[in-house]
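Trainee: Mind having a look at this structure? Questions to follow.
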Amino acid sequence: MKTNKFKSFKPVQIICILVALSSCSKKSDSGGGGTIPVDTTKQHAVVYNYAALADSLQSQTYVTFISADRNYFIQNNSGNNTFNYWPNAHMLDVLTDAYLRTSSTNYSQRMKTLLNGIKAANGGAYPNEFYDDMGWLANASLRDYNITKDADYLNAAQLLYTEIKGGSNNVAGGGIAWQRTQLYYKNIPSTGNATILASRFYELQGNQDDLTLAKSLYTWMKTILVDPTTGVVYDGINRNQDGKIDNWVFTYNQGLFIGSAVELYNITKDQMYLQDAIRTANNLVADPDLEVGGILKNEGQGDGGLFKGVAVRYLTLLIELTDLDAADKTKYSNFLQKNAQTLYIKGIARPSLMISPDWTQQPSGSTDLTTQLSGMIMIEAAAKLKAESDIQ
């Protein structure tokens with residue numbers, strides 16, 4: 001179960017350090033080989049092979065976190081085998097990232113196994129208590145349908161979409177509720193996911209009702225929970241049935257609003273959505289409540305461990321918009337490049353390949369699946385952006 005905002009559970013092929021007057025020293029970034037000796041004052045001398053590191057992370061994460069029955073990924077690497085719904089939805093997305101990068105059936109098979117495994121681990125059904133949880137899985141499933149055309153993914157997404165729409169009401173002016181037993185509490189995680197999902201269903205099927213819903217939900221978020229000047233996105237409203245806004249500032253809410261704006265821009269070409277995305281992205285990369293020294297902040301483990309991965313995923317989609325101004329594209333690309341390079345050098349333990357919640361330092365102690373996933377999303381995004389010549 002969850003309480004209030006939070007749920008209860010609370011490389012690369014070759015790294016080449018170019019040294020003047022010496023030959024190239026090579027270290028494998030697979031699971032073996034020990035800690036890679038890197039002079040972090042000379043990061044420019046490192047060849048960042050994100051794709052190879054992504055492959056190594058995928059392999060090690062599978063071995064470390066897969067459940068004994070191979071149905072789902074467990075809570076942490078320290079013996080807690082609990083099934084948690086929303087990290088597994090993101091695991092499906094991360095496997096999809098790898099499949100798109102490699103076209104390997106190894107990943108597509110794991111995707112399908114996980115889709116079915118989530119259902120099995122969730123008591124034989126996809127719906128659950130939390131509208132945001134269902135939104136994460138619905139978006140991952142619809143993405144996989146668009147890639148594979150496997151009707152099982154579409155069926156799961158449609159089933160969950162129907163459930164999510166049941167969380168819509170006029171309390172607090174609109175939006176999607178956080179959970180079935182708190183229909184009065186509305187927030188960005190539920191509403192942002194639903195906006196993205198409705199937009200993508202409209203793009204797929206052309207149903208005007210989906211576009212109407214996406215626009216309505218977006219307008220509610222922008223009006224109620226987004227600062228019109230700075231673009232900062234707050235978390236939710238009416239949690240205590242008092243009409244008050246929870247002005248918590250989390251990285252993933254920024255990402256979800258950016259993603260919602262990008263999806264609506266894609267299907268409408270209305271410049272308002274693009275400008276909204278830019279305003280919030282500009283704040284994300286400069287706000288000391290969201291980044292420290294140009295690195296997305298440490299939001300701990302548990303649920304918070306996954307937050308900045310969501311921000312990275314949707315900032316990446318903004319970078320990839322062909323209509324994005326070159327200066328903004330460079331700004332956001334440089335921001336993600338700095339995050340990726342810092343994580344690559346400082347935030348991943350070797351040989352275990354476990355990832356820290358603080359990308360500027362090595363992990364210590366147990367690693368949650370949520371925390372591991374944020375780093376994997378960053379490295380997969382970096383591999384994609386490097387292949388598209390947006391980062392080095």
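Just so we're on the same page: first chain in the structure tokens is A, next is B, and so on; residues restart at 1 for each chain, and ligands are numbered from 1 in the order they show up.
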May I have the residues within 10 Å of segment 138-145 of chain A as a ChimeraX atom specification, using only C-alpha atoms and disregarding those fewer than 5 positions away in the same chain?

Mentor: /A:89-94,96,108,111-112,115,126-127,132-133,150-161,164,193-194,196-198,200-201,204

Trainee: Store the residues of this selection in a file with C-alpha atoms, as a compact mmCIF listing (two decimals), in the first residue's frame.

Mentor:
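Now in again_30.txt:
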# COMPACT_ATOMS: atom_id res chain seq x y z
CA ALA A 89 6.34 -0.34 -15.51
CA HIS A 90 9.52 1.73 -15.89
CA MET A 91 11.56 -1.44 -16.27
CA LEU A 92 9.36 -2.23 -19.27
CA ASP A 93 10.24 1.19 -20.71
CA VAL A 94 13.96 0.64 -20.08
CA THR A 96 12.15 -1.00 -24.69
CA SER A 108 11.73 -7.92 -26.92
CA MET A 111 9.50 -7.02 -22.57
CA LYS A 112 6.71 -9.48 -23.27
CA LEU A 115 4.17 -7.44 -19.37
CA TYR A 126 -3.40 -5.07 -14.67
CA PRO A 127 -5.53 -2.50 -12.77
CA ASP A 132 -0.44 7.04 -11.50
CA ASP A 133 0.79 3.43 -11.35
CA ASP A 150 1.59 -6.91 -30.65
CA ALA A 151 -2.08 -6.60 -29.68
CA ASP A 152 -1.40 -7.75 -26.12
CA TYR A 153 0.29 -4.42 -25.42
CA LEU A 154 -2.60 -2.46 -26.92
CA ASN A 155 -5.14 -4.45 -24.95
CA ALA A 156 -3.31 -3.77 -21.69
CA ALA A 157 -3.01 -0.06 -22.50
CA GLN A 158 -6.68 0.25 -23.44
CA LEU A 159 -7.82 -1.57 -20.33
CA LEU A 160 -5.73 0.68 -18.12
CA TYR A 161 -6.80 3.82 -20.00
CA ILE A 164 -7.62 5.85 -15.49
CA ASN A 193 0.50 10.37 -17.30
CA ALA A 194 -3.14 10.52 -18.37
CA ILE A 196 0.39 11.80 -22.36
CA LEU A 197 -1.67 8.62 -22.72
CA ALA A 198 -4.74 10.40 -24.12
CA ARG A 200 -0.90 9.12 -27.80
CA PHE A 201 -4.21 7.31 -28.15
CA LEU A 204 -2.92 6.31 -32.87

Trainee: Just list as a VMD selection string whatever in segment 22-193 of chain A DSSP marks as alpha helix (DSSP H).

Mentor: chain A and resid 50 to 65 85 to 102 105 to 121 131 to 148 151 to 165 188 to 193

Trainee: Just how far from atom CA of Leu290 of chain A is atom CA of Trp359 of chain A, in Å to one decimal?

Mentor: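 Computed distance, atom CA of Trp359 of chain A to atom CA of Leu290 of chain A, equals 13.5 Å.
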
Trainee: Which one of A:Thr268, A:Thr219, A:Asn49, A:Asn187 sits closest to Lys244 of chain A if you count only C-alpha atoms?

Mentor: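 Nearest candidate to Lys244 of chain A out of A:Thr268, A:Thr219, A:Asn49, A:Asn187: A:Asn187.
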
Trainee: Rounded to one decimal, what separation in Å do you get between atom CA of Ala340 of chain A and atom CA of Gly302 of chain A?

Mentor: 21.5 Å

Trainee: Can you tell me which residues surround Gly236 of chain A at a distance of at most 8 Å, considering only C-alpha atoms, apart from same-chain residues fewer than 3 positions away, and format the answer as a PyMOL selection string?

Mentor: chain A and resi 185-188+225+239+245-247

Trainee: Generate the output file for the selected residues, N, CA and C atoms, as a CSV table (one decimal), in the first residue's frame.

Mentor:
chain,number,residue,atom,x,y,z
A,185,TYR,N,-8.1,13.9,-4.2
A,185,TYR,CA,-6.7,14.3,-4.3
A,185,TYR,C,-6.2,14.2,-5.7
A,186,LYS,N,-5.8,15.3,-6.3
A,186,LYS,CA,-5.3,15.3,-7.7
A,186,LYS,C,-3.8,15.7,-7.7
A,187,ASN,N,-3.1,15.1,-8.6
A,187,ASN,CA,-1.7,15.4,-8.7
A,187,ASN,C,-1.1,15.3,-10.1
A,188,ILE,N,0.1,15.7,-10.3
A,188,ILE,CA,0.8,15.7,-11.6
A,188,ILE,C,1.1,14.2,-12.0
A,225,LEU,N,-1.2,23.9,-11.1
A,225,LEU,CA,0.0,23.4,-10.5
A,225,LEU,C,1.3,23.9,-11.2
A,239,ARG,N,-4.9,17.3,-1.0
A,239,ARG,CA,-4.6,16.0,-0.4
A,239,ARG,C,-5.3,15.9,0.9
A,245,ILE,N,-2.5,23.6,-2.2
A,245,ILE,CA,-1.5,23.0,-3.1
A,245,ILE,C,-0.3,22.5,-2.3
A,246,ASP,N,0.1,21.2,-2.6
A,246,ASP,CA,1.4,20.7,-2.1
A,246,ASP,C,2.5,21.3,-3.0
A,247,ASN,N,3.2,22.3,-2.5
A,247,ASN,CA,4.2,22.9,-3.4
A,247,ASN,C,5.6,22.2,-3.3

Trainee: Find, counting only C-alpha atoms, the residue in A:Asn266, A:Gln60, A:Gln254, A:Asn77 that gets nearest to Ile278 of chain A.

Mentor: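 Checking each of A:Asn266, A:Gln60, A:Gln254, A:Asn77 against Ile278 of chain A, counting only C-alpha atoms, the winner is A:Gln254.
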
Trainee: Please return as a count of residues only: the residues of segment 11-230 of chain A that backbone DSSP assigns to strand (DSSP E).

Mentor: 20

Trainee: If you measure from atom CA of Ile391 of chain A to atom CA of Leu284 of chain A, what distance in Å do you get, rounded to one decimal?

Mentor: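 It comes out at 18.6 Å.
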
Trainee: Show me, as a list in words, the residues that have an atom within 12 Å of Gly167 of chain A when counting only C-alpha atoms, minus same-chain residues fewer than 5 positions from it.

Mentor: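 Within the cut-off, the hits are Glu129, Phe130, Tyr131, Asp132, Met134, Gly135, Leu160, Tyr161, Thr162, Gly174, Gly175, Ile176, Ala177, Trp178, Gln179, Arg180, Thr181, Gln182, Leu183, Tyr184, Tyr185, Lys186, Asn187, Ser190, Thr191, Ala194 and Leu217 of chain A.
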